[in-house]
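Data file: entry11.tsv. Format and content: TSV, C-alpha atoms.
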chain	number	residue	atom	x	y	z
A	1	PRO	CA	17.30	95.93	-25.94
A	2	SER	CA	17.20	99.12	-23.93
A	3	PHE	CA	20.94	99.82	-23.81
A	4	PRO	CA	21.40	100.38	-27.59
A	5	ILE	CA	18.30	102.57	-27.60
A	6	LEU	CA	19.67	104.52	-24.63
A	7	ILE	CA	22.96	105.01	-26.47
A	8	PHE	CA	21.09	106.30	-29.52
A	9	LEU	CA	18.92	108.67	-27.46
A	10	ALA	CA	21.89	109.93	-25.47
A	11	PHE	CA	23.80	110.56	-28.69
A	12	THR	CA	20.92	112.48	-30.28
A	13	LEU	CA	19.96	114.44	-27.13
A	14	ARG	CA	23.50	115.17	-25.98
A	15	GLU	CA	23.02	118.97	-25.73
A	16	ASN	CA	19.72	118.70	-23.84
A	17	LEU	CA	20.63	115.71	-21.68
A	18	ASN	CA	20.62	116.58	-17.99
A	19	VAL	CA	19.76	114.59	-14.87
A	20	VAL	CA	16.01	115.14	-15.22
A	21	THR	CA	15.92	114.18	-18.90
A	22	LEU	CA	18.10	111.14	-18.30
A	23	GLY	CA	15.88	110.10	-15.39
A	24	ALA	CA	12.76	110.42	-17.55
A	25	ILE	CA	14.33	108.37	-20.33
A	26	LEU	CA	15.51	105.67	-17.93
A	27	SER	CA	12.10	105.49	-16.25
A	28	MET	CA	10.45	104.94	-19.64
A	29	PHE	CA	12.60	101.85	-20.14
A	30	SER	CA	12.46	100.43	-16.61
A	31	TRP	CA	8.75	100.34	-15.70
A	32	PRO	CA	7.55	97.38	-17.86
A	33	TRP	CA	9.59	94.76	-15.95
A	34	GLY	CA	8.11	95.64	-12.61
A	35	GLY	CA	4.63	96.17	-14.04
A	36	ARG	CA	4.52	92.70	-15.59
A	37	GLN	CA	5.76	91.05	-12.43
A	38	VAL	CA	3.28	92.86	-10.17
A	39	ARG	CA	0.49	91.91	-12.56
A	40	SER	CA	1.52	88.26	-12.45
A	41	MET	CA	1.71	88.35	-8.65
A	42	ILE	CA	-1.79	89.82	-8.43
A	43	LEU	CA	-3.15	87.26	-10.90
A	44	SER	CA	-1.69	84.40	-8.87
A	45	LEU	CA	-2.94	85.90	-5.58
A	46	ARG	CA	-6.40	86.24	-7.10
A	47	GLU	CA	-6.60	82.45	-7.42
A	48	ARG	CA	-5.53	81.70	-3.84
A	49	GLU	CA	-8.02	80.40	-1.28
A	50	PHE	CA	-7.80	83.36	1.09
A	51	THR	CA	-8.94	85.64	-1.74
A	52	TYR	CA	-11.97	83.44	-2.35
A	53	ALA	CA	-12.72	83.35	1.38
A	54	ALA	CA	-12.48	87.13	1.62
A	55	ASP	CA	-14.71	87.54	-1.44
A	56	PHE	CA	-17.33	85.10	-0.15
A	57	SER	CA	-17.33	86.76	3.27
A	58	GLY	CA	-18.47	90.00	1.66
A	59	MET	CA	-15.28	92.07	1.59
A	60	GLY	CA	-15.14	94.69	-1.14
A	61	MET	CA	-12.59	94.44	-3.92
A	62	LEU	CA	-10.52	97.41	-2.68
A	63	LYS	CA	-10.46	96.01	0.84
A	64	ILE	CA	-9.31	92.63	-0.49
A	65	VAL	CA	-6.56	94.30	-2.50
A	66	PHE	CA	-5.29	96.47	0.34
A	67	THR	CA	-5.66	94.04	3.25
A	68	GLU	CA	-5.02	90.67	1.61
A	69	HIS	CA	-2.87	91.27	-1.49
A	70	PHE	CA	-0.90	94.40	-0.57
A	71	PRO	CA	1.20	92.71	2.17
A	72	PHE	CA	2.41	90.15	-0.39
A	73	VAL	CA	3.12	92.64	-3.17
A	74	PHE	CA	4.57	95.61	-1.25
A	75	PRO	CA	7.91	94.02	-0.20
A	76	TRP	CA	8.58	93.02	-3.76
A	77	VAL	CA	7.67	96.50	-5.05
A	78	VAL	CA	10.08	98.14	-2.61
A	79	ALA	CA	12.87	95.70	-3.51
A	80	ASN	CA	12.20	96.18	-7.21
A	81	PHE	CA	12.24	99.97	-6.78
A	82	ILE	CA	15.69	99.81	-5.20
A	83	ASN	CA	16.91	97.43	-7.91
A	84	THR	CA	15.59	99.84	-10.54
A	85	ILE	CA	17.58	102.62	-8.89
A	86	LEU	CA	20.67	100.40	-9.18
A	87	TRP	CA	19.91	99.74	-12.85
A	88	SER	CA	19.53	103.48	-13.47
A	89	ILE	CA	22.83	104.24	-11.76
A	90	GLY	CA	24.52	101.55	-13.85
A	91	MET	CA	23.06	102.94	-17.06
A	92	GLU	CA	24.14	106.49	-16.16
A	93	VAL	CA	27.66	105.32	-15.39
A	94	SER	CA	27.79	103.37	-18.65
A	95	LEU	CA	26.57	106.30	-20.73
A	96	ALA	CA	28.95	108.70	-19.00
A	97	VAL	CA	31.96	106.40	-19.45
A	98	PHE	CA	31.20	106.34	-23.18
A	99	GLY	CA	30.94	110.14	-23.11
A	100	LEU	CA	27.26	110.19	-24.03
A	101	SER	CA	25.89	112.11	-21.05
A	102	SER	CA	26.42	115.67	-19.93
A	103	LEU	CA	30.09	115.80	-19.02
A	104	GLU	CA	29.64	118.95	-16.94
A	105	MET	CA	27.63	117.08	-14.29
A	106	PRO	CA	29.80	115.58	-11.56
A	107	THR	CA	28.73	111.93	-11.46
A	108	ILE	CA	30.54	108.66	-10.92
A	109	GLY	CA	30.49	107.98	-14.64
A	110	THR	CA	31.93	111.37	-15.59
A	111	MET	CA	34.70	110.91	-13.02
A	112	ILE	CA	35.66	107.65	-14.74
A	113	TYR	CA	35.31	109.31	-18.17
A	114	TRP	CA	37.65	112.19	-17.32
A	115	ALA	CA	40.13	109.84	-15.65
A	116	ASN	CA	40.23	107.83	-18.88
A	117	GLN	CA	40.54	110.97	-21.00
A	118	TYR	CA	43.53	112.18	-18.99
A	119	GLN	CA	45.00	108.65	-19.08
A	120	ALA	CA	45.21	108.41	-15.33
A	121	LEU	CA	46.44	104.82	-15.25
A	122	PHE	CA	49.29	105.45	-17.68
A	123	ARG	CA	50.34	108.55	-15.75
A	124	GLY	CA	50.34	106.64	-12.46
A	125	ILE	CA	47.34	108.47	-10.98
A	126	TRP	CA	45.44	105.27	-10.20
A	127	TRP	CA	43.23	106.85	-7.50
A	128	TRP	CA	41.39	108.85	-10.16
A	129	ILE	CA	39.93	105.57	-11.41
A	130	LEU	CA	39.91	103.63	-8.15
A	131	THR	CA	37.87	106.17	-6.17
A	132	PRO	CA	34.76	106.23	-8.42
A	133	VAL	CA	34.92	102.47	-8.98
A	134	ILE	CA	35.05	101.77	-5.24
A	135	ALA	CA	32.28	104.33	-4.65
A	136	SER	CA	30.04	102.65	-7.24
A	137	VAL	CA	30.75	99.18	-5.81
A	138	PHE	CA	29.92	100.38	-2.28
A	139	LEU	CA	26.79	102.07	-3.60
A	140	PHE	CA	25.61	98.91	-5.36
A	141	VAL	CA	26.37	96.63	-2.42
A	142	SER	CA	24.71	98.96	0.11
A	143	PHE	CA	21.57	99.33	-2.01
A	144	PHE	CA	21.47	95.54	-2.42
A	145	PHE	CA	21.69	95.02	1.35
A	146	VAL	CA	18.99	97.63	1.97
A	147	SER	CA	16.77	95.97	-0.64
A	148	SER	CA	17.27	92.52	0.88
A	149	ALA	CA	16.64	93.75	4.42
A	150	ILE	CA	13.48	95.64	3.49
A	151	SER	CA	12.17	92.71	1.48
A	152	GLU	CA	12.86	90.26	4.29
A	153	TYR	CA	11.36	92.54	6.94
A	154	LEU	CA	8.17	93.30	5.02
A	155	ASP	CA	7.57	89.80	3.62
A	156	PRO	CA	4.53	88.29	5.39
A	157	ARG	CA	5.96	84.75	5.31
A	158	THR	CA	9.17	85.70	7.10
A	159	ARG	CA	7.18	87.92	9.46
A	160	LEU	CA	5.14	84.88	10.50
A	161	GLN	CA	8.34	82.89	11.01
A	162	ARG	CA	9.77	85.65	13.22
A	163	ILE	CA	6.58	85.70	15.30
A	164	SER	CA	6.58	81.91	15.73
A	165	VAL	CA	10.24	81.92	16.81
A	166	ARG	CA	9.58	84.51	19.53
A	167	GLY	CA	6.48	82.84	20.90

Structure translated into structure tokens:
Amino acid sequence: PSFPILIFLAFTLRENLNVVTLGAILSMFSWPWGGRQVRSMILSLREREFTYAADFSGMGMLKIVFTEHFPFVFPWVVANFINTILWSIGMEVSLAVFGLSSLEMPTIGTMIYWANQYQALFRGIWWWILTPVIASVFLFVSFFFVSSAISEYLDPRTRLQRISVRG
């Protein structure tokens, strides 16, 4: 349950919470998901036949990891990195909307916070809310498309399909 812990930490560190501190806190909560999944990918790749063939042919362990396993793991790592960026942006926006981050920093979340504080919708100033919401939606969608494109381009299985279609 990282969100309640983030709310607690943001509430206690409110005076010292800046972009660097918030980034460090968010990175402490986001690395275990990717680490577990990379570990499980490596453990499943270790049992595949091409790993045994490379090991029996005399390849060193580092060479097996970088030439045989890395092409399978790297696209996922890049996609997961971009998804972690999206998660961090979402957490920052959530904390700022609740007023738990530094309100002097101009971020998407603080724009929404100040629009709510000045009751922009009731006063008829709808673009104060609409602009940061549309910006965050475009940001999320564009990062998702970049993540999907990078993952598809770097994935060895789709790369083999692209080569077979051309030839």

- Message: Excluding region 35-45 of chain A and its own-chain neighbours fewer than 5 positions away, which residues fall within 9 Å of it when counting all atoms listed in the file? Please give them as a PyMOL selection string.
- Response: chain A and resi 50-51+65+68-69+72-73+76-77

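Comparing A:Gln117, A:Ser27, A:Ser57, A:Ser151 by their smallest distance to Thr84 (chain A), the closest is A:Ser27 (using all atoms listed in the file).
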
- Query: In Å, with one decimal, what is the gap from CA of Ser147 (chain A) to CA of Phe3 (chain A)?
  - Reply: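 Interatomic distance, CA of Ser147 (chain A) to CA of Phe3 (chain A): 23.9 Å.
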
List as a Markdown table every residue of region 21-97 of chain A that is in contact with region 125-140 of chain A, defined as an atom at most 9 Å from one of its atoms (using all atoms listed in the file), together with the nearest atom pair and the distance in Å rounded to one decimal, sorted by chain and then rising number.
| residue | atom | partner | partner_atom | distance |
| --- | --- | --- | --- | --- |
| A:Leu86 | CA | A:Phe140 | CA | 6.4 |
| A:Ile89 | CA | A:Ser136 | CA | 8.7 |
| A:Gly90 | CA | A:Ser136 | CA | 8.7 |
| A:Val93 | CA | A:Ser136 | CA | 8.9 |

Would you put the residues from that selection into a file with C-alpha atoms, as a PDB file, keeping the file's coordinate frame?
ATOM      1  CA  LEU A  86      20.670 100.400  -9.180  1.00  0.00           C
ATOM      2  CA  ILE A  89      22.830 104.240 -11.760  1.00  0.00           C
ATOM      3  CA  GLY A  90      24.520 101.550 -13.850  1.00  0.00           C
ATOM      4  CA  VAL A  93      27.660 105.320 -15.390  1.00  0.00           C
TER       5      VAL A  93
END

- Between CA of Ser88 (chain A) and CA of Tyr153 (chain A), distance in Å (one decimal):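 If I compute the distance from CA of Ser88 (chain A) to CA of Tyr153 (chain A), I get 24.6 Å.
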